[in-house]
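Participant: mmCIF, C-alpha atoms, file structure17.cif:
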```
data_upload
loop_
_atom_site.label_atom_id
_atom_site.label_comp_id
_atom_site.auth_asym_id
_atom_site.auth_seq_id
_atom_site.Cartn_x
_atom_site.Cartn_y
_atom_site.Cartn_z
CA MET J 300 48.65 -17.47 -98.63
CA SER J 301 48.85 -20.28 -96.13
CA SER J 302 49.20 -23.81 -97.47
CA LYS J 303 47.42 -25.23 -94.46
CA LYS J 304 44.51 -27.43 -95.40
CA ILE J 305 41.10 -27.06 -93.79
CA GLY J 306 38.81 -29.83 -92.63
CA PHE J 307 35.17 -30.82 -92.82
CA TRP J 308 33.85 -28.64 -89.99
CA SER J 309 35.57 -25.44 -91.16
CA VAL J 310 33.99 -25.70 -94.60
CA TRP J 311 30.70 -26.84 -93.07
CA ALA J 312 30.65 -23.66 -90.96
CA LEU J 313 31.43 -21.60 -94.08
CA GLY J 314 28.49 -23.14 -95.94
CA VAL J 315 25.98 -22.89 -93.09
CA GLY J 316 27.14 -19.36 -92.25
CA GLY J 317 26.68 -18.30 -95.87
CA ILE J 318 23.15 -19.69 -95.98
CA VAL J 319 21.63 -18.95 -92.56
CA GLY J 320 22.14 -15.20 -92.93
CA GLY J 321 19.26 -15.38 -95.42
CA LEU J 322 16.82 -16.74 -92.81
CA PHE J 323 16.29 -13.43 -91.03
CA PRO J 324 15.01 -11.42 -94.04
CA ALA J 325 13.27 -14.43 -95.62
CA LEU J 326 11.08 -15.59 -92.72
CA GLY J 327 8.62 -12.70 -92.78
CA VAL J 328 8.50 -12.69 -96.59
CA VAL J 329 7.63 -16.39 -96.88
CA ILE J 330 4.98 -16.19 -94.13
CA GLN J 331 3.38 -13.21 -95.88
CA ILE J 332 3.11 -15.17 -99.13
CA ALA J 333 2.56 -18.77 -97.99
CA ASP J 334 0.79 -18.19 -94.65
CA VAL J 335 0.77 -21.41 -92.58
CA GLY J 336 2.39 -23.18 -95.53
CA ALA J 337 5.69 -21.37 -94.87
CA PRO J 338 7.43 -24.51 -93.46
CA LEU J 339 6.47 -26.44 -96.60
CA ALA J 340 7.66 -23.53 -98.78
CA PHE J 341 11.06 -23.61 -97.08
CA ALA J 342 11.21 -27.39 -97.62
CA ILE J 343 10.39 -27.09 -101.35
CA ALA J 344 13.03 -24.41 -101.89
CA GLY J 345 15.51 -26.56 -99.99
CA ILE J 346 14.81 -29.63 -102.13
CA ILE J 347 15.57 -27.61 -105.28
CA ALA J 348 18.84 -26.49 -103.67
CA LEU J 349 19.60 -30.09 -102.63
CA ILE J 350 19.21 -31.37 -106.20
CA THR J 351 21.52 -28.61 -107.44
CA THR J 352 24.17 -29.53 -104.86
CA TYR J 353 24.67 -32.80 -106.75
CA ALA J 354 26.00 -30.82 -109.73
CA TYR J 355 28.08 -28.57 -107.48
CA ALA J 356 29.58 -31.53 -105.60
CA LYS J 357 30.56 -33.34 -108.81
CA LEU J 358 31.93 -30.21 -110.50
CA SER J 359 33.82 -29.11 -107.38
CA VAL J 360 35.57 -32.49 -107.13
CA ALA J 361 36.46 -32.35 -110.85
CA HIS J 362 37.57 -28.71 -110.65
CA PRO J 363 38.79 -28.05 -107.08
CA CYS J 364 39.63 -24.36 -107.47
CA ARG J 365 38.55 -20.95 -106.19
CA GLY J 366 36.70 -20.09 -109.40
CA GLY J 367 33.58 -21.98 -108.39
CA THR J 368 30.58 -21.26 -110.57
CA VAL J 369 32.60 -19.15 -113.05
CA THR J 370 35.01 -22.03 -113.70
CA PHE J 371 32.19 -24.55 -114.07
CA LEU J 372 30.37 -22.46 -116.68
CA ASN J 373 33.52 -21.62 -118.63
CA GLN J 374 34.64 -25.26 -118.68
CA ALA J 375 31.28 -26.46 -119.94
CA PHE J 376 30.33 -23.72 -122.39
CA GLY J 377 33.58 -21.92 -123.24
CA SER J 378 34.10 -18.16 -122.87
CA GLY J 379 31.41 -17.03 -125.29
CA LEU J 380 28.35 -14.83 -124.96
CA PHE J 381 26.39 -17.43 -122.97
CA SER J 382 28.87 -17.96 -120.13
CA GLY J 383 29.92 -14.30 -120.13
CA THR J 384 26.33 -13.16 -119.71
CA LEU J 385 25.76 -15.67 -116.90
CA ASN J 386 28.92 -14.52 -115.10
CA LEU J 387 27.68 -10.92 -115.16
CA LEU J 388 24.22 -12.03 -114.05
CA LEU J 389 25.86 -13.90 -111.16
CA TRP J 390 27.57 -10.68 -110.07
CA PHE J 391 24.28 -8.77 -110.29
CA SER J 392 22.63 -11.48 -108.20
CA TYR J 393 25.38 -11.18 -105.60
CA VAL J 394 24.64 -7.46 -105.36
CA VAL J 395 20.93 -8.22 -104.88
CA MET J 396 21.74 -10.82 -102.22
CA LEU J 397 23.96 -8.29 -100.45
CA SER J 398 21.06 -5.82 -100.44
CA PHE J 399 18.81 -8.57 -99.05
CA TYR J 400 21.13 -9.08 -96.07
CA LEU J 401 21.58 -5.37 -95.44
CA GLN J 402 17.85 -4.67 -95.41
CA ALA J 403 17.49 -7.30 -92.71
CA PHE J 404 20.35 -5.71 -90.79
CA GLY J 405 18.57 -2.35 -90.90
CA SER J 406 15.20 -3.81 -89.91
CA TYR J 407 16.51 -5.80 -86.96
CA GLY J 408 18.69 -2.90 -85.85
CA VAL J 409 15.75 -0.50 -85.80
CA SER J 410 13.65 -3.04 -83.88
CA LEU J 411 16.08 -2.74 -80.97
CA PHE J 412 15.05 0.88 -80.56
CA ALA J 413 11.34 0.27 -81.26
CA SER J 414 11.47 3.03 -83.87
CA THR J 415 9.06 3.24 -86.79
CA GLN J 416 10.87 6.07 -88.58
CA PRO J 417 12.17 4.82 -91.97
CA ILE J 418 15.09 7.25 -91.82
CA TRP J 419 16.79 5.19 -89.09
CA LYS J 420 16.54 1.99 -91.11
CA HIS J 421 18.06 3.72 -94.15
CA LEU J 422 20.78 5.18 -91.95
CA LEU J 423 21.70 1.75 -90.55
CA ILE J 424 21.72 0.20 -94.04
CA SER J 425 23.97 2.96 -95.37
CA LEU J 426 26.32 2.80 -92.38
CA ALA J 427 26.56 -0.99 -92.76
CA ILE J 428 27.50 -0.65 -96.45
CA LEU J 429 30.09 2.03 -95.70
CA GLY J 430 31.44 0.06 -92.75
CA THR J 431 31.88 -3.20 -94.65
CA THR J 432 33.38 -1.29 -97.59
CA GLY J 433 35.91 0.28 -95.25
CA LEU J 434 36.74 -3.08 -93.69
CA ASN J 435 37.36 -4.56 -97.13
CA LEU J 436 39.62 -1.63 -97.99
CA LEU J 437 41.72 -2.02 -94.86
CA THR J 438 42.55 -5.70 -95.07
CA ALA J 439 41.42 -8.96 -96.55
CA ASN J 440 43.36 -11.09 -94.07
CA HIS J 441 40.77 -10.98 -91.31
CA ILE J 442 37.69 -11.49 -93.46
CA GLY J 443 36.04 -14.75 -92.40
CA LYS J 444 38.58 -15.51 -89.62
CA SER J 445 35.90 -15.51 -86.95
CA GLN J 446 33.29 -17.24 -89.14
CA ILE J 447 33.17 -20.45 -87.12
CA TRP J 448 32.56 -18.50 -83.88
CA ILE J 449 29.81 -16.37 -85.42
CA VAL J 450 28.14 -19.47 -86.87
CA SER J 451 28.33 -21.28 -83.52
CA PHE J 452 26.84 -18.27 -81.73
CA LYS J 453 23.87 -17.79 -84.03
CA LEU J 454 23.15 -21.52 -84.36
CA GLY J 455 23.20 -21.85 -80.59
CA ILE J 456 20.61 -19.09 -80.25
CA LEU J 457 18.42 -20.50 -83.05
CA ILE J 458 18.51 -24.01 -81.56
CA LEU J 459 17.63 -22.53 -78.16
CA PHE J 460 14.67 -20.73 -79.82
CA ILE J 461 13.46 -24.03 -81.33
CA THR J 462 13.93 -25.97 -78.09
CA MET J 463 12.10 -23.45 -75.91
CA GLY J 464 9.51 -22.68 -78.59
CA SER J 465 8.42 -26.31 -79.01
CA SER J 466 6.49 -26.08 -75.73
CA HIS J 467 4.79 -22.81 -76.76
CA ILE J 468 3.28 -24.06 -80.02
CA ASP J 469 -0.46 -23.64 -80.29
CA ILE J 470 -1.57 -26.43 -82.66
CA SER J 471 -4.73 -24.52 -83.58
CA ARG J 472 -2.56 -21.94 -85.36
CA LEU J 473 -1.02 -24.65 -87.58
CA GLN J 474 -3.96 -25.47 -89.80
CA PRO J 475 -3.54 -28.20 -92.44
CA VAL J 476 -2.44 -26.91 -95.82
CA SER J 477 -5.33 -26.87 -98.31
CA VAL J 478 -5.05 -27.70 -102.00
CA SER J 479 -6.09 -24.14 -102.86
CA SER J 480 -3.10 -22.73 -100.97
CA LEU J 481 -0.51 -24.83 -102.83
CA GLN J 482 -0.08 -22.06 -105.39
CA SER J 483 0.94 -19.54 -102.73
CA ILE J 484 3.22 -22.12 -101.08
CA PHE J 485 5.11 -22.75 -104.31
CA ALA J 486 5.26 -18.99 -104.94
CA GLY J 487 6.69 -18.46 -101.44
CA ALA J 488 9.27 -21.18 -102.03
CA MET J 489 10.47 -19.54 -105.24
CA VAL J 490 10.58 -16.02 -103.79
CA VAL J 491 12.74 -17.06 -100.82
CA PHE J 492 14.94 -19.48 -102.77
CA LEU J 493 17.61 -16.80 -102.33
CA SER J 494 17.83 -17.76 -98.64
CA TYR J 495 19.54 -21.06 -99.63
CA GLU J 496 22.05 -19.61 -102.07
CA GLY J 497 25.09 -19.48 -99.77
CA PHE J 498 26.06 -23.13 -100.30
CA GLU J 499 27.81 -22.00 -103.48
CA LEU J 500 30.60 -20.61 -101.26
CA ILE J 501 31.70 -24.19 -100.53
CA ALA J 502 32.98 -24.55 -104.10
CA ASN J 503 35.42 -21.68 -103.58
CA ALA J 504 37.11 -23.54 -100.70
CA ALA J 505 37.54 -26.80 -102.61
CA GLU J 506 41.26 -26.48 -103.32
CA ASP J 507 42.03 -25.82 -99.64
CA LEU J 508 40.07 -28.83 -98.38
CA VAL J 509 41.58 -32.03 -97.01
CA ASN J 510 40.66 -34.93 -99.34
CA PRO J 511 38.09 -32.94 -101.40
CA LYS J 512 36.92 -35.99 -103.35
CA HIS J 513 35.63 -37.61 -100.16
CA THR J 514 34.81 -34.53 -98.08
CA LEU J 515 33.09 -32.16 -100.54
CA PRO J 516 29.95 -34.25 -101.21
CA ARG J 517 29.51 -34.82 -97.46
CA VAL J 518 29.81 -31.09 -96.79
CA TYR J 519 27.33 -30.10 -99.52
CA TYR J 520 24.61 -32.58 -98.61
CA SER J 521 24.93 -32.23 -94.84
CA VAL J 522 24.86 -28.41 -95.03
CA ILE J 523 21.69 -28.29 -97.12
CA GLY J 524 20.01 -31.07 -95.13
CA PHE J 525 20.75 -29.32 -91.84
CA VAL J 526 19.55 -25.93 -93.10
CA ILE J 527 16.29 -27.36 -94.49
CA LEU J 528 15.54 -28.89 -91.08
CA LEU J 529 16.51 -25.66 -89.29
CA TYR J 530 14.33 -23.45 -91.52
CA VAL J 531 11.30 -25.74 -91.31
CA LEU J 532 11.48 -26.01 -87.50
CA ILE J 533 11.93 -22.25 -87.05
CA ALA J 534 8.96 -21.55 -89.33
CA LEU J 535 6.81 -24.05 -87.40
CA VAL J 536 7.75 -22.56 -84.02
CA THR J 537 7.22 -19.00 -85.27
CA LEU J 538 3.76 -19.76 -86.67
CA GLY J 539 2.74 -21.78 -83.62
CA ALA J 540 3.93 -19.28 -81.02
CA GLU J 541 2.16 -16.11 -82.18
CA PRO J 542 -0.93 -15.13 -84.19
CA ILE J 543 0.00 -14.64 -87.82
CA GLU J 544 -1.31 -11.06 -87.75
CA GLN J 545 1.35 -10.10 -85.19
CA ILE J 546 4.07 -11.81 -87.19
CA LEU J 547 3.12 -9.94 -90.35
CA ALA J 548 2.95 -6.64 -88.48
CA ALA J 549 6.65 -7.18 -87.71
CA LYS J 550 7.45 -8.86 -91.04
CA ASP J 551 10.92 -7.34 -91.43
CA TYR J 552 12.04 -8.65 -88.02
CA ALA J 553 9.61 -11.56 -87.63
CA LEU J 554 11.96 -13.86 -85.72
CA ALA J 555 12.67 -11.28 -83.02
CA GLU J 556 8.94 -10.69 -82.61
CA ALA J 557 8.22 -14.43 -82.39
CA ALA J 558 10.88 -14.80 -79.68
CA LYS J 559 9.03 -12.50 -77.23
CA PRO J 560 6.33 -14.97 -76.04
CA ILE J 561 8.90 -17.80 -76.03
CA MET J 562 12.06 -16.27 -74.57
CA GLY J 563 10.83 -12.94 -73.21
CA GLN J 564 12.23 -9.52 -74.04
CA PHE J 565 15.78 -10.66 -73.32
CA GLY J 566 15.37 -13.55 -75.76
CA SER J 567 14.03 -11.18 -78.41
CA VAL J 568 17.09 -8.98 -77.96
CA LEU J 569 19.31 -12.07 -78.19
CA ILE J 570 17.68 -13.09 -81.48
CA THR J 571 18.12 -9.54 -82.76
CA ILE J 572 21.82 -9.57 -81.88
CA ALA J 573 22.20 -12.93 -83.65
CA ALA J 574 20.45 -11.45 -86.69
CA LEU J 575 22.76 -8.43 -86.70
CA PHE J 576 25.88 -10.61 -86.42
CA SER J 577 24.59 -13.01 -89.04
CA THR J 578 23.53 -10.48 -91.65
CA ILE J 579 26.56 -8.21 -91.28
CA SER J 580 29.02 -11.12 -91.48
CA ALA J 581 27.19 -12.51 -94.53
CA SER J 582 27.17 -9.01 -96.06
CA ASN J 583 30.88 -8.61 -95.47
CA ALA J 584 31.75 -11.96 -97.03
CA THR J 585 29.41 -11.36 -99.99
CA LEU J 586 30.78 -7.86 -100.61
CA TYR J 587 34.34 -9.19 -100.51
CA GLY J 588 33.56 -11.95 -102.99
CA SER J 589 31.40 -9.92 -105.35
CA ALA J 590 33.84 -6.98 -105.45
CA ARG J 591 36.71 -9.29 -106.40
CA PHE J 592 34.42 -11.07 -108.85
CA SER J 593 33.59 -7.80 -110.66
CA THR J 594 37.31 -7.09 -111.05
CA VAL J 595 37.93 -10.58 -112.46
CA ILE J 596 35.14 -10.07 -115.03
CA ALA J 597 36.55 -6.68 -116.05
CA LYS J 598 40.04 -8.12 -116.47
CA SER J 599 38.89 -11.21 -118.35
CA ARG J 600 37.06 -9.02 -120.86
CA GLY J 601 39.93 -6.56 -121.27
CA PHE J 602 38.04 -3.56 -119.88
CA VAL J 603 40.95 -2.99 -117.48
CA SER J 604 44.55 -4.17 -117.42
CA GLY J 605 47.45 -4.03 -115.00
CA SER J 606 46.89 -3.61 -111.27
CA GLN J 607 45.99 0.09 -111.03
CA ILE J 608 43.96 2.76 -112.82
CA ASN J 609 45.15 6.32 -112.23
CA GLY J 610 46.93 5.13 -109.08
CA ILE J 611 43.85 3.36 -107.68
CA ASP J 612 43.93 -0.38 -107.08
CA GLN J 613 41.51 -2.22 -109.39
CA SER J 614 40.06 -4.33 -106.59
CA SER J 615 39.12 -1.09 -104.83
CA ILE J 616 37.33 0.13 -107.95
CA GLY J 617 35.34 -3.10 -108.08
CA LEU J 618 34.55 -2.66 -104.40
CA PHE J 619 33.33 0.92 -104.89
CA ILE J 620 31.14 -0.02 -107.87
CA THR J 621 29.59 -2.96 -106.00
CA SER J 622 29.01 -0.88 -102.86
CA GLY J 623 27.50 2.01 -104.81
CA ILE J 624 24.97 -0.17 -106.62
CA THR J 625 24.13 -1.98 -103.38
CA LEU J 626 23.58 1.35 -101.60
CA ILE J 627 20.87 2.24 -104.14
CA ILE J 628 19.13 -1.17 -104.25
CA ALA J 629 19.15 -1.74 -100.47
CA ASN J 630 17.69 1.70 -99.76
CA PHE J 631 15.11 2.04 -102.52
CA PHE J 632 13.78 -1.47 -103.23
CA ASP J 633 11.22 -3.38 -101.14
CA ILE J 634 12.62 -6.53 -99.51
CA SER J 635 10.07 -8.79 -101.27
CA ARG J 636 11.07 -7.31 -104.62
CA ILE J 637 14.75 -7.78 -103.79
CA SER J 638 14.10 -11.41 -102.86
CA THR J 639 12.24 -12.06 -106.10
CA MET J 640 15.02 -10.54 -108.24
CA GLY J 641 17.76 -12.42 -106.42
CA SER J 642 15.92 -15.75 -106.46
CA ALA J 643 15.23 -15.41 -110.20
CA GLY J 644 18.88 -14.68 -110.91
CA PHE J 645 20.16 -17.64 -108.92
CA LEU J 646 17.55 -20.05 -110.31
CA LEU J 647 18.80 -19.17 -113.80
CA ILE J 648 22.44 -19.57 -112.73
CA PHE J 649 21.75 -22.91 -111.01
CA ALA J 650 19.88 -24.18 -114.07
CA ALA J 651 23.03 -23.41 -116.07
CA VAL J 652 25.28 -25.16 -113.51
CA ASN J 653 23.07 -28.27 -113.65
CA LEU J 654 23.25 -28.12 -117.43
CA ALA J 655 27.05 -27.75 -117.23
CA ASN J 656 27.33 -30.93 -115.20
CA ALA J 657 24.93 -32.75 -117.51
CA ARG J 658 27.13 -31.73 -120.42
CA MET J 659 30.33 -32.90 -118.71
CA TYR J 660 28.85 -35.94 -116.96
CA ARG J 661 31.52 -38.34 -118.27
CA TYR J 662 34.34 -36.11 -117.03
CA THR J 663 32.70 -35.48 -113.63
CA LYS J 664 31.57 -39.14 -113.37
CA SER J 665 27.98 -38.11 -112.78
CA LYS J 666 24.56 -39.55 -113.48
CA GLN J 667 23.46 -37.28 -116.29
CA TRP J 668 19.74 -37.64 -115.64
CA ILE J 669 20.02 -36.09 -112.16
CA SER J 670 21.50 -32.86 -113.53
CA ILE J 671 19.07 -32.79 -116.44
CA LEU J 672 16.28 -33.10 -113.87
CA GLY J 673 17.90 -30.30 -111.85
CA THR J 674 18.03 -28.07 -114.93
CA GLY J 675 14.35 -28.67 -115.64
CA ILE J 676 13.28 -28.09 -112.03
CA CYS J 677 15.19 -24.82 -111.79
CA LEU J 678 13.70 -23.57 -115.07
CA VAL J 679 10.18 -24.58 -114.02
CA ALA J 680 10.71 -22.84 -110.67
CA LEU J 681 11.95 -19.73 -112.51
CA GLY J 682 8.85 -19.80 -114.72
CA MET J 683 6.59 -20.08 -111.68
CA LEU J 684 8.39 -17.20 -110.00
CA ILE J 685 8.04 -14.96 -113.05
CA TRP J 686 4.36 -15.87 -113.36
CA PHE J 687 3.79 -15.03 -109.68
CA ALA J 688 5.63 -11.73 -110.07
CA LEU J 689 3.53 -10.83 -113.12
CA GLN J 690 0.39 -11.39 -111.04
CA THR J 691 1.53 -9.44 -107.99
CA ASP J 692 4.32 -7.03 -108.95
CA PRO J 693 5.01 -6.78 -112.72
CA GLN J 694 7.72 -4.15 -112.17
CA THR J 695 9.92 -6.85 -110.61
CA VAL J 696 9.87 -8.78 -113.89
CA TRP J 697 11.00 -5.70 -115.78
CA VAL J 698 13.88 -5.27 -113.35
CA LEU J 699 14.89 -8.88 -114.02
CA VAL J 700 14.65 -8.29 -117.77
CA LEU J 701 16.83 -5.21 -117.31
CA MET J 702 19.44 -7.24 -115.37
CA VAL J 703 19.64 -9.86 -118.12
CA GLY J 704 19.57 -7.17 -120.86
CA VAL J 705 22.42 -5.20 -119.30
CA ALA J 706 24.48 -8.40 -118.90
CA ILE J 707 23.98 -9.28 -122.58
CA GLY J 708 24.64 -5.67 -123.61
CA ILE J 709 27.97 -5.53 -121.79
CA GLU J 710 29.06 -8.77 -123.44
CA VAL J 711 28.04 -7.55 -126.91
CA ILE J 712 29.96 -4.30 -126.34
CA TYR J 713 32.99 -6.34 -125.38
CA TYR J 714 32.88 -8.36 -128.59
CA LEU J 715 32.31 -5.29 -130.77
CA SER J 716 35.10 -3.33 -129.07
CA LYS J 717 37.55 -6.19 -129.66
CA ASN J 718 36.32 -6.85 -133.22
CA ARG J 719 35.72 -10.43 -132.21
CA ARG J 720 33.18 -12.74 -133.76
CA LEU J 721 30.09 -12.97 -131.59
CA HIS J 722 29.44 -16.59 -130.57
CA LEU J 723 27.45 -18.35 -127.92
#
```
What does the file become when written as structure tokens?
Facilitator:
Amino acid sequence: MSSKKIGFWSVWALGVGGIVGGLFPALGVVIQIADVGAPLAFAIAGIIALITTYAYAKLSVAHPCRGGTVTFLNQAFGSGLFSGTLNLLLWFSYVVMLSFYLQAFGSYGVSLFASTQPIWKHLLISLAILGTTGLNLLTANHIGKSQIWIVSFKLGILILFITMGSSHIDISRLQPVSVSSLQSIFAGAMVVFLSYEGFELIANAAEDLVNPKHTLPRVYYSVIGFVILLYVLIALVTLGAEPIEQILAAKDYALAEAAKPIMGQFGSVLITIAALFSTISASNATLYGSARFSTVIAKSRGFVSGSQINGIDQSSIGLFITSGITLIIANFFDISRISTMGSAGFLLIFAAVNLANARMYRYTKSKQWISILGTGICLVALGMLIWFALQTDPQTVWVLVLMVGVAIGIEVIYYLSKNRRLHL
């Protein structure tokens, strides 16, 4: 591993690149739920993420290592049932987020060929999973090397979309948000909270950063602030450029559809290419991280030992398990349901990270009340999301219950198999 330190802009590109991949699948979902309140929904979700970045910034400075969230939880709560369950839930949420990206890749890919046959979308999703799995098997050295170029490319196209689209906005389509629609706006914000999750990747680069104590907080806050502004402006331009009925008809590739009256067919294709680059690069990075994460969990709990099992590298086994589960979820779950599951998982994880910083506030030199507030906001948001899901799609709640139940079950099995005393 190179000892070369990285600077502000490299980590900033990593954070923005990890987040913006979620825009393409999230835009149609949030407009479907929140209607003209979609920009406000993006802003609300972003504010929750911004409050949570305070905990991440403080914890990352105190623990500048590649462990990120796992290290924070273990340091605050020990290696008991609570932190072990959350670590497993984090891995499950990564798998859901990976499926979220891949569904967008399939939808935007199919839109290039103007095909309505579901088989082609499923084929693209499956090929993307197999392709990124193969890339991760071949080498880890090139993963993320071109991240700054991909981020520059897609941000350039998105900024061009906003700039050109500002003159195409029809104000009559942007009706004032009514009090009665606030419920749907908050619901939309919670469902697409997943689209902000990527800032967590910044924590994993902390130990390689020049002057992390000074640089990390600036990276966290500037990344989230920039992305909130980007999301809100894109939602405003999208809603103002086309009738909402046309946007919803192309929900899975809403941004490419919105680009047609603004940038023409060529611009729509350009947006689609940016979406494909963005979602596949985010998928690749997420698969790499989650596959390694699953292996770390297995080793830490003694389910595997050594470096190989029957001649097969353990990291490859983690990769195959992650890819296999993703293949099923991405192909057989609706994108709105995937978003709800992923957002619920990360809201629970972020509530725990806020609580971890509140617990260690003296060590991290934090203002305890900010992280306590963050914990409460994340839990309230989670409650609102579950309530919304119960009203619209109760099966999603059962899937979430299953995710948490399986995570607890695996931890309990670990303790029983090791004859260890079960403790929180």
Participant: Looking at only C-alpha atoms, which of J:Ile561, J:Ile461, J:Ile456, J:Leu547 is the one that sits closest to Ile533 of chain J?
Facilitator: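 Looking at the shortest contact to Ile533 of chain J, the residue is J:Ile461.
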Participant: Near segment 381-384 of chain J, within 8 Å and counting all atoms listed in the file, which residues show up once chain neighbours fewer than 4 positions away are dropped, as a PyMOL selection string?
Facilitator: chain J and resi 372-373+376-377+388+703+706-707+710+723
Participant: List the residues selected by the PyMOL selection byres ((chain J and resi 670-676) around 10) in the file shown, writing them as a PyMOL selection string.
Facilitator: chain J and resi 347-355+646-658+660+665-669+677-682
Participant: Identify the residues within 12 Å of coordinate (39.6, -35.4, -99.4) (same frame as the file), considering only C-alpha atoms, and give the answer as JSON, numbers by chain.
Facilitator: {"J": [304, 305, 306, 307, 359, 360, 363, 505, 506, 507, 508, 509, 510, 511, 512, 513, 514, 515, 516, 517, 518]}
Participant: When the PyMOL selection byres ((chain J and resi 555) around 9) is applied to the file above, which residues end up in the set, as a ChimeraX atom specification?
Facilitator: /J:407,410,549,552-554,556-559,566-571,574
Participant: Store the residues picked out above, limited to C-alpha atoms, as a CSV table (one decimal), in the frame of the given file.
Facilitator:
```
chain,number,residue,atom,x,y,z
J,407,TYR,CA,16.5,-5.8,-87.0
J,410,SER,CA,13.6,-3.0,-83.9
J,549,ALA,CA,6.6,-7.2,-87.7
J,552,TYR,CA,12.0,-8.6,-88.0
J,553,ALA,CA,9.6,-11.6,-87.6
J,554,LEU,CA,12.0,-13.9,-85.7
J,556,GLU,CA,8.9,-10.7,-82.6
J,557,ALA,CA,8.2,-14.4,-82.4
J,558,ALA,CA,10.9,-14.8,-79.7
J,559,LYS,CA,9.0,-12.5,-77.2
J,566,GLY,CA,15.4,-13.6,-75.8
J,567,SER,CA,14.0,-11.2,-78.4
J,568,VAL,CA,17.1,-9.0,-78.0
J,569,LEU,CA,19.3,-12.1,-78.2
J,570,ILE,CA,17.7,-13.1,-81.5
J,571,THR,CA,18.1,-9.5,-82.8
J,574,ALA,CA,20.4,-11.4,-86.7
```
Participant: Neighbours of segment 541-543 of chain J within 8 Å (all atoms listed in the file; same-chain residues fewer than 2 positions away dropped), as a PyMOL selection string?
Facilitator: chain J and resi 334+472+537-539+545-547+557+560
Participant: Can you write just those residues out, C-alpha atoms, as a CSV table (one decimal), keeping the file's coordinate frame?
Facilitator:
```csv
chain,number,residue,atom,x,y,z
J,334,ASP,CA,0.8,-18.2,-94.6
J,472,ARG,CA,-2.6,-21.9,-85.4
J,537,THR,CA,7.2,-19.0,-85.3
J,538,LEU,CA,3.8,-19.8,-86.7
J,539,GLY,CA,2.7,-21.8,-83.6
J,545,GLN,CA,1.4,-10.1,-85.2
J,546,ILE,CA,4.1,-11.8,-87.2
J,547,LEU,CA,3.1,-9.9,-90.4
J,557,ALA,CA,8.2,-14.4,-82.4
J,560,PRO,CA,6.3,-15.0,-76.0
```
Participant: Using all atoms listed in the file, find the one residue out of J:Val476, J:Ala643, J:Ala629, J:Leu586 that sits nearest to Leu339 of chain J.
Facilitator: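 Closest to Leu339 of chain J of all the choices is J:Val476.
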Participant: Please provide as a PyMOL selection string all residues within 12 Å of Ser580 of chain J, with the sequence filter that same-chain residues fewer than 3 positions apart are discarded (counting all atoms listed in the file).
Facilitator: chain J and resi 313+316-321+397+400-401+404+427-428+430-431+434+441-450+453+573-577+583-587
Participant: For Ile634 of chain J, please output as a PyMOL selection string all residues within 8 Å (counting all atoms listed in the file; exclusion window: fewer than 5 positions along the same chain).
Facilitator: chain J and resi 324+328+399+402
Participant: Quick check, in Å to one decimal: how far apart do atom CA of Gly314 of chain J and atom CA of Phe498 of chain J lie?
Facilitator: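 According to the coordinates, atom CA of Gly314 of chain J and atom CA of Phe498 of chain J are separated by 5.0 Å.
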Participant: Which distance in Å separates atom CA of Phe485 of chain J and atom CA of Leu535 of chain J, to one decimal?
Facilitator: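 Between atom CA of Phe485 of chain J and atom CA of Leu535 of chain J the gap is 17.0 Å.
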Participant: Would you translate the PyMOL selection byres ((chain J and resi 423) around 9) into the concrete set of residues it matches in this file, as a PyMOL selection string?
Facilitator: chain J and resi 401-402+404-406+408-409+418-422+424-428
Participant: Using all atoms listed in the file, which protein or nucleic acid residues come within 7 Å of Ala403 of chain J? Drop anything in the same chain fewer than 6 positions from it, and give the result as an MDAnalysis selection string.
Facilitator: chainID J and resid 323:324 551 578
Participant: Just the number, please: distance in Å from atom CA of Phe391 of chain J to atom CA of Gly644 of chain J, one decimal.
Facilitator: 8.0 Å
Participant: Dump as an NGL selection string all residues having an atom at most 10 Å from (13.0, -10.3, -105.5), computed in the file's coordinates with only C-alpha atoms.
Facilitator: :J and (395-396 or 399 or 489-493 or 632-644 or 684 or 688 or 692 or 695-696 or 698-699)
Participant: Check the smallest atom-to-atom distance from each of J:Gln564, J:Thr625, J:Ser582, J:Ser451 to Val315 of chain J using only C-alpha atoms, then report the winner.
Facilitator: J:Ser451
Participant: Measuring atom to atom with only C-alpha atoms, identify which of J:Phe619, J:Phe371, J:Tyr495, J:Phe631 is nearest to Gly433 of chain J.
Facilitator: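 Checking each candidate against Gly433 of chain J, we get J:Phe619 as the closest.
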